[in-house]
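**Student:** Here it is: the structure, laid out below.
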Amino acid sequence: MLVIGELINGMFARVGRAIEKKDGAVIRKIALAQSASGAGALDINCGPGSRDPVEDMRWLVESAGRATDKLLVLDSGKTEVLEAGLRSAGRPCLLNSATAEPERLKRLLDLAGRYKSGLIVLTVGTSGMPQGCGQRVEAAAQIVEICVETGFPLDNIYLDPVLMPVSVAQSQVLAALEAIREFKVISPQLKSVVGLSNVSQSSRNRGLLNRVFLPMAVAAGLDAAILDPTDRELMDTLAAADILLNKNIYCESFLKQCAKE
Amino acid sequence: MSQEQMLEKWQGEVFTFVIGATKQEGGTRGSVVKVGGEKTLPFLRKEGALPNSAAVALEIFDVPPADWPQDLTAAYGGVLSNPLEWADACVKKFGAELLCVRLAGAHPDYGNRTPDQEAAFLTKLAGTVDVPLIVRGCGDDAKDNTVLPLCSEALKGERCLFGSAVQENYKTLTAAVTADGHGIIAESPIDLNIAKQLNILISDLGLPLERIVMDPTIGALGYGLEYAYSIMERARLAALSGDRNVACPFICFTGQETWKVKEAFAEKADFPHWGEREKRGILWEAVTASALLQAGADILVMRHPKAAEEIKKYAGNR
């Protein structure tokens, strides 16, 4: 599974300060720490407090991109911010994110296509947050239709079933899991991604909830997750899940080996 | 209706190992043999690169082999009593590009030759033939741990392949091979979990995965070949999917396994419907080897020159 490190986000005080002072060493350090912990990709988000997100994204991508050759996941709701990141990266990225809303989706597919990049698309249709598995799959079908229409390769799409906090919408957690399975029925080329920590927002025992949800999602066919790769217990859980699900060849030191990768 | 060809896209690749070092590289070999480097499964060239042919080695012993069936000994016509002549015949007469020497005579029950004797023999051998060398111990762990480090040192810089490291005994050989610039054969008992673990253990000692060649342990046709096949296939699929710890080339001791099964040497008189003995053994070795090529073998260590010659035509087209 593709682990997308979530720590380069202006929402975190340390990163916010680094952005403010343009302290590249901090960003490089966080990028390297996440890579060393097993992240295959790094999410880059200027955070809600950024006064100049276009410039901040450019700078963050430059700092992280120099430190590691991992895939960069450019995380912003603004198209011009995503494009600034793409230009700065100078290599294919993953854009985070669009929804099924056709106009914006087409715009972002075009942008991703021009930079040979992938796109995360939330299965949120025009009627707002999806309820149940059905609405998620419905949105997924709309997304696929638009991709096919515009000639965008489906294997460059990551569908996000929109993970909601268990404390807020308990039944929607299962619905998201079911949707992950269903996406593969629509097309085996489609990949899925979740923002893991959403599931435990405003709950107690957040780590536990994250750790239990992740293997369930992996078993359902999850391809990628945005999470904290420096959380050793979480990464060990993932390693064990990969072994139990026969995704990785068992050996005695499977934990150590996963930590090394 | 036009048909779309479904091609697999692989992320990973098999490590490349070069056996032998020429003068320019600090050795004395006249040629080198490159193995591994696959970016797809065997023979599926449309899906990815298969940059190197599978290599075919002939096998010699340091002492005359005691238990070889008559068809094998006859094929070499009297040189088996002199390992240097034997080696020379393999290269000059039978065109071997790679030689595997088994230090059988070091075994306590089979001559008990000393480490110094074996090291001196290898030095002479390296002076006699200039093809790259694979060196295997006698199979007795305690004795191999005294013999192989000296042999490794004697061939320092020649970039040989030394074997075999096993899960219970890998540290001494790994240290020697690391110091002297060779590669190592990591042997596991038809068990992929142990194969992976052993690769990790060896690389933890400081020998990079790029210098490991895996011996998955094979059986001849009719004797568990399919178990070896499925293990090799599974390892290769994992390697191509990005699992570096099983992404080492495979070595298969085809001759050793084939010539001990009765189908290879039983008399026609005893099994009239099995056909001519003289052809049967060669075919048995070649067919075993061809299945292993399909499974992903990178180095085939063969015994009958005719079987080796036949399989080379196939290995080159992989």
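Order determines the names: the first chain of the structure tokens is A, the second B, and so forth; residues in each chain are numbered 1 upward, and ligands are numbered 1 upward as they are shown.
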If you count only C-alpha atoms, which residues fall within 12 Å of Asp67 (chain B), apart from same-chain ones fewer than 2 positions away, as a list in words?
**Tutor:**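 Contacts, in chain order: Phe61, Val63, Pro64, Pro65, Pro69, Gln70, Asp71, Leu72, Thr73, Ala104, Tyr110, Gln256, Trp259, Lys260 and Phe265 of chain B.
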**Student:** Kindly export the residues of the current selection with all heavy atoms, as a compact mmCIF listing (two decimals), in the first residue's frame.
**Tutor:**
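Saved the output as out01.txt:
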```
# COMPACT_ATOMS: atom_id res chain seq x y z
N PHE B 61 34.36 -31.12 -10.06
CA PHE B 61 34.71 -31.41 -8.67
C PHE B 61 36.23 -31.31 -8.51
O PHE B 61 36.96 -31.45 -9.49
CB PHE B 61 34.30 -32.85 -8.31
CG PHE B 61 32.83 -33.03 -8.04
CD1 PHE B 61 31.87 -32.21 -8.62
CD2 PHE B 61 32.40 -34.05 -7.20
CE1 PHE B 61 30.52 -32.40 -8.37
CE2 PHE B 61 31.04 -34.25 -6.94
CZ PHE B 61 30.10 -33.43 -7.53
N VAL B 63 37.85 -33.45 -6.75
CA VAL B 63 38.30 -34.85 -6.69
C VAL B 63 37.40 -35.63 -7.66
O VAL B 63 36.29 -35.18 -7.95
CB VAL B 63 38.18 -35.42 -5.27
CG1 VAL B 63 39.20 -34.79 -4.34
CG2 VAL B 63 36.76 -35.24 -4.73
N PRO B 64 37.86 -36.79 -8.14
CA PRO B 64 36.99 -37.52 -9.06
C PRO B 64 35.66 -37.86 -8.40
O PRO B 64 35.64 -38.35 -7.27
CB PRO B 64 37.79 -38.81 -9.35
CG PRO B 64 39.20 -38.47 -9.03
CD PRO B 64 39.15 -37.45 -7.92
N PRO B 65 34.55 -37.58 -9.04
CA PRO B 65 33.25 -37.85 -8.42
C PRO B 65 33.02 -39.35 -8.27
O PRO B 65 33.28 -40.11 -9.21
CB PRO B 65 32.25 -37.25 -9.40
CG PRO B 65 32.98 -37.09 -10.68
CD PRO B 65 34.44 -36.98 -10.37
N PRO B 69 26.80 -41.44 -12.56
CA PRO B 69 26.41 -42.56 -13.43
C PRO B 69 27.27 -42.60 -14.70
O PRO B 69 27.88 -41.61 -15.08
CB PRO B 69 24.95 -42.27 -13.76
CG PRO B 69 24.65 -40.91 -13.29
CD PRO B 69 25.73 -40.45 -12.40
N GLN B 70 27.30 -43.76 -15.31
CA GLN B 70 28.23 -44.00 -16.44
C GLN B 70 28.04 -43.02 -17.60
O GLN B 70 29.01 -42.63 -18.24
CB GLN B 70 28.08 -45.44 -16.93
CG GLN B 70 26.65 -45.80 -17.27
CD GLN B 70 26.55 -47.22 -17.83
OE1 GLN B 70 27.35 -47.65 -18.65
NE2 GLN B 70 25.55 -47.97 -17.37
N ASP B 71 26.79 -42.60 -17.86
CA ASP B 71 26.59 -41.71 -19.01
C ASP B 71 27.26 -40.35 -18.79
O ASP B 71 27.70 -39.71 -19.73
CB ASP B 71 25.09 -41.50 -19.26
CG ASP B 71 24.44 -42.79 -19.77
OD1 ASP B 71 25.06 -43.44 -20.63
OD2 ASP B 71 23.36 -43.14 -19.27
N LEU B 72 27.31 -39.94 -17.56
CA LEU B 72 27.98 -38.67 -17.24
C LEU B 72 29.49 -38.81 -17.38
O LEU B 72 30.13 -37.98 -18.03
CB LEU B 72 27.65 -38.25 -15.80
CG LEU B 72 26.55 -37.22 -15.58
CD1 LEU B 72 26.54 -36.81 -14.11
CD2 LEU B 72 26.73 -35.99 -16.46
N THR B 73 30.04 -39.83 -16.74
CA THR B 73 31.51 -39.97 -16.78
C THR B 73 31.98 -40.21 -18.21
O THR B 73 32.99 -39.66 -18.64
CB THR B 73 31.98 -41.13 -15.86
OG1 THR B 73 31.23 -42.29 -16.18
CG2 THR B 73 31.76 -40.80 -14.41
N ALA B 104 34.23 -30.95 -3.16
CA ALA B 104 33.72 -32.16 -2.51
C ALA B 104 34.81 -32.83 -1.68
O ALA B 104 34.53 -33.43 -0.63
CB ALA B 104 33.19 -33.12 -3.56
N TYR B 110 35.20 -37.61 2.76
CA TYR B 110 35.37 -37.75 1.31
C TYR B 110 36.71 -37.17 0.88
O TYR B 110 36.80 -36.48 -0.10
CB TYR B 110 34.18 -37.03 0.63
CG TYR B 110 33.90 -37.43 -0.79
CD1 TYR B 110 33.59 -38.75 -1.13
CD2 TYR B 110 33.95 -36.49 -1.82
CE1 TYR B 110 33.32 -39.11 -2.43
CE2 TYR B 110 33.67 -36.84 -3.13
CZ TYR B 110 33.37 -38.16 -3.42
OH TYR B 110 33.11 -38.51 -4.72
N GLN B 256 23.10 -31.68 -10.48
CA GLN B 256 23.20 -32.37 -9.20
C GLN B 256 21.89 -33.10 -8.86
O GLN B 256 21.90 -34.23 -8.40
CB GLN B 256 23.52 -31.32 -8.13
CG GLN B 256 23.39 -31.74 -6.69
CD GLN B 256 23.54 -30.52 -5.77
OE1 GLN B 256 24.56 -29.84 -5.80
NE2 GLN B 256 22.52 -30.25 -4.97
N TRP B 259 20.88 -36.08 -11.89
CA TRP B 259 21.62 -37.32 -12.06
C TRP B 259 21.57 -38.24 -10.86
O TRP B 259 22.23 -39.26 -10.84
CB TRP B 259 23.04 -37.01 -12.52
CG TRP B 259 23.03 -36.47 -13.92
CD1 TRP B 259 23.05 -35.16 -14.28
CD2 TRP B 259 22.91 -37.22 -15.13
NE1 TRP B 259 22.95 -35.04 -15.64
CE2 TRP B 259 22.87 -36.29 -16.21
CE3 TRP B 259 22.83 -38.59 -15.43
CZ2 TRP B 259 22.76 -36.69 -17.53
CZ3 TRP B 259 22.73 -38.97 -16.75
CH2 TRP B 259 22.69 -38.04 -17.79
N LYS B 260 20.78 -37.88 -9.85
CA LYS B 260 20.60 -38.84 -8.77
C LYS B 260 19.24 -39.52 -8.83
O LYS B 260 18.95 -40.37 -8.01
CB LYS B 260 20.85 -38.16 -7.41
CG LYS B 260 19.88 -37.08 -7.02
CD LYS B 260 20.35 -36.41 -5.71
CE LYS B 260 19.37 -35.37 -5.25
NZ LYS B 260 19.94 -34.49 -4.22
N PHE B 265 19.25 -42.64 -15.02
CA PHE B 265 20.31 -43.64 -15.26
C PHE B 265 19.85 -45.10 -15.27
O PHE B 265 20.65 -45.99 -15.54
CB PHE B 265 21.44 -43.47 -14.23
CG PHE B 265 21.01 -43.61 -12.81
CD1 PHE B 265 20.78 -44.86 -12.25
CD2 PHE B 265 20.83 -42.49 -12.00
CE1 PHE B 265 20.38 -44.98 -10.94
CE2 PHE B 265 20.43 -42.61 -10.68
CZ PHE B 265 20.20 -43.86 -10.15
```
**Student:** Just need the residues of chain B within 7 Å of chain A, counting only C-alpha atoms, so spit them out as a PyMOL selection string.
**Tutor:** chain B and resi 193-194+196-197
**Student:** I'd like the contact shell of region 82-87 of chain A - 10 Å cut-off, only C-alpha atoms, skipping same-chain residues fewer than 5 positions apart - returned as a ChimeraX atom specification.
**Tutor:** /A:44-45,53-62,72-77,92-97,108,111-112,114-117
**Student:** What lies within 8 Å of region 300-303 of chain B using only C-alpha atoms, ignoring chain neighbours under 6 positions off, as a PyMOL selection string?
**Tutor:** chain B and resi 54-59+72+100+251-256+285+289
**Student:** Can you pull out every residue from region 129-310 of chain B that DSSP, working from the backbone, puts in strand (DSSP E or B), and format the result as a VMD selection string?
**Tutor:** chain B and resid 133 to 136 161 to 166 169 183 to 187 212 to 215 250 to 252 297 to 302
